[in-house]
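Reading through the structure tokens given below for one structure.
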There are 2 protein chains.
Amino acid sequence: MSDTGEDIRPRTKLDEATADIYAENGSIRGDFLAAVGAAIADADTSFLRKHVARLHESELGDLLESIPPEQRLALVRLLGDDFDLTALTEVDEAIRMEIVDQMPNAQIAAAIGDLDSDDAVYILEDLDQEDREEILAQLPFTERVRLRRALDYPEQSAGRRMQTEFVAVPPFWTVGQTIDYMREEADLPESFTQIFVVDPTFKLLGVVYLDKILRTKRGVKIEAIMRETNYPVPADMDQEEAAQLFEQYDLLSAAVIDNNGRLVGVLTIDDVVDVIQEEAEEDIMRLSGVGDEELSDSVKQTSRSRIPWLLVNLFTAFISASVISLFEATIEEVVALAILMPIVAGMGGNAGSQTMTVTVRALATRNLDIHNAWRVARREAGVGLINGVVIGVLVGTVAGLWFQDPHIGGLIATAMLINMFAAAMAGIMIPLLLDRAGADPAVSSAVFVTAITDTTGFFAFLGLATIWLLP
Amino acid sequence: MSDTGEDIRPRTKLDEATADIYAENGSIRGDFLAAVGAAIADADTSFLRKHVARLHESELGDLLESIPPEQRLALVRLLGDDFDLTALTEVDEAIRMEIVDQMPNAQIAAAIGDLDSDDAVYILEDLDQEDREEILAQLPFTERVRLRRALDYPEQSAGRRMQTEFVAVPPFWTVGQTIDYMREEADLPESFTQIFVVDPTFKLLGVVYLDKILRTKRGVKIEAIMRETNYPVPADMDQEEAAQLFEQYDLLSAAVIDNNGRLVGVLTIDDVVDVIQEEAEEDIMRLSGVGDEELSDSVKQTSRSRIPWLLVNLFTAFISASVISLFEATIEEVVALAILMPIVAGMGGNAGSQTMTVTVRALATRNLDIHNAWRVARREAGVGLINGVVIGVLVGTVAGLWFQDPHIGGLIATAMLINMFAAAMAGIMIPLLLDRAGADPAVSSAVFVTAITDTTGFFAFLGLATIWLLP
């Protein structure tokens, strides 16, 4: 360790009082949790102010998630005005609700004034109407108007995620005037990377990035160096769509405009990163039939959110069972069929879910569209046939040897090939059709694909057996 | 439409010559593709220069992915020096390789000099050693040294993704000196949001954000306004770890340092957004047994990448089948069992995959750790029991009525409860154990969970039947 290297260790905060609170594996250090727990029990506010109040909001959020539920409110109370409300934007919704519900509205109102407007909206939007109004009523007029306006936009819209603090100047100002304004003006956003150019009605004219201002001589007019804002985001645009714009054009921030082209806020990439993360998360969850549940949900909430998916699958399972029941007589004759039939259905299910996952993600990331759907479908058909032959031959050989019967081997090999091909076709066509019909393919593709691979598998295997093996 | 609103339509590029190339559904407009195809066929370079060369790199990338493979190289050739090589960072690896392999090394070398270093590395790292050296040899000395250094860091490290262009000043400069330097200096990065402060050996001392410079009087020294860089990223840090740092601390960019604390580059959030997206993508793919395949892979490549997962599942399918074969005599006696047994196994599989998905994602996002694992496991056990009872009673009632036999109903209800509980336990314990053992839970959890729910399902259902139904 070099002696000057101390101040540049990663994951170490500026202040010496707060050492790294994370252990190697990324979870919060056990001794830190124990110390915090003891301090809460002893109501040791000076320890908490020194070591907890200074944490980064996301560290405080992690801490709140890691301590036992009964310590959470005590911690918030002990910290009092030193509690950074922003930490609540970093925790599970259930924990946020639990804390906010217990905090006096006056305390929330006092703290919310210090937040960036996007964080304030994030906390306010979860509250019930009554509490929200009570808190808003205690805020200064301009603050209240700003937050109300943001809350008026639909949920999950760019208007909800935007920050309403920004710097805007008229086009006829010079670079020098602009710099002087920023040196004098106290009421600037905490940090910003661009300045917007607006007309007297606040209609957006353009944008100037700070590096451009710093490279330009004082006498030059802003309108001479401003750039057109190519990708302004309408305030009512869905946050996912806005996130795609950021991703596609590598934006760091974007102006948010109302229906009249007036600048109302700025959307920054850190909010959008959360959206991208959430959307990818949602797709994973939906593919396995898990809703918007969070790790802190109760048993009852979790159970309730998962049962609908199980019921839908149960319905399709009974359909498969009724397919099997068509061949009761055949199974009675050859019990080996009962032993092998789950292999055919199961392998089809696996192959179908491979294709389906690729299709669902390609649709979500817009890599799959009408121009290449046909080519991808042909590829999947080819893959289904090849894998069907490979797996079919293998299964047929093993099953034939196991039951000492080449007919059984040929039978299962043929059924496997048919089902793997059906699985590939279902895996690509079902998400595409759901998407075309305006449904979210991540939500319901899996049920349909499994239904098809199960019924095809059982029908092909038992049907062929009835023709082939019975006299 | 207001008349001044024209210039602020979203998704519309600055230049009038390039209208919006996307249709409503996010794919490239058919008429645009047709026009480009015709221009390529006619070798109409003036059309291509006017309408294609001016596209944003990501739009050009989308275009390359949407046109038929045989048009791609022709397009690149016709554009010549007007082809923006950055577009290759936006396409599938297979398409990138296809184009780069066919481009003369001299053309690549000429174009790569104009790229940001992170984009240049992105393209160079996929080339074989020989081509890479030939291209590097044709670059100017400083450029070559910079790129070689970045390529020396391990794959998927921060050093590979960083930009080596940045602005660094000594701490004793004043704000005025710094602004004057930026006004005079021609060789600055294309855009930047911060200035680094270094000592004469390039050791990183701190950082100043541009808004801070603009708010500060000219006479103030840089060292008075610089901030400690709390989260510098070591160049050999894995890109995923770096991405987590960005996410946790809402960073827009971070200094990248070598082992001696010397500044070697800057990592920006737009590169990290791609990493976050890729990592979430990887987890979805791995959970369904799809490797790093891309939409443009051939049938052979795709088939080869998916077969290993199918083989592993085939192995576990035969284990399940051998469990069934233990109860051959029972099935011969009561064929209804063969009809119902896939329901028990299948529902266990669905419930297990719900729990498993939640666990795998909670581990990936570091929401699940030793402090709450026990609590989450207890919750899953509770959910497994409740859902087991609900689904069990339902299945038991339907099956009892179907086969007109309350014993069959009681039997399947009991087996279902046992399997749903086993599924919940497998869904939480297997990912946790794999993670503890240092394996990636997304890769192999599904196989183990299915193996357990299948064997438990068949064993419980048929075993109970043997005790319960047979004399």
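Just remember, in the structure tokens the first chain shown is A, the second B, etc., residues are 1-based per chain, and ligands are 1-based in the order shown.
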
Query - 10 Å contact set for stretch 187-195 of chain B, only C-alpha atoms, chain neighbours under 3 positions out, as a ChimeraX atom specification - result: /A:192-194,209-212,215 /B:116,163-169,178,182-184,198,206-213,222,226,252-255,266,268

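With only C-alpha atoms as the atoms that count, the residue of A:Gly30, A:Pro342, A:Gly409, A:Gly396 with the shortest distance to A:Phe459 is A:Pro342.
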
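Interatomic distance, atom CA of B:Leu394 against atom CA of B:Ala413: 7.8 Å.
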
Query - Computed interatomic separation between atom CA of A:Phe32 and atom CA of A:Val52 (Å) - result: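 Atom-to-atom, atom CA of A:Phe32 to atom CA of A:Val52, that is 10.0 Å.
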
**Report entry** Polymer residues at most 7 Å from stretch 343-350 of chain A, only C-alpha atoms, same-chain spacing of 5 or more positions, as a VMD selection string
**Finding:** (chain A and resid 416 419 to 420 423 450 453 to 454 457 to 458) or (chain B and resid 310 314 317)

Query - Near-B:Val312 list (10 Å; only C-alpha atoms; drop same-chain fewer than 2 positions) as a PyMOL selection string - result: chain B and resi 289+307-310+314-317+444+447-448

**Report entry** Given only C-alpha atoms as the counted atoms, nearest of A:Leu136, A:Ile324, A:Ala53, A:Leu434 to chain B
**Finding:**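 Of all the options, A:Ile324 lies closest to chain B.
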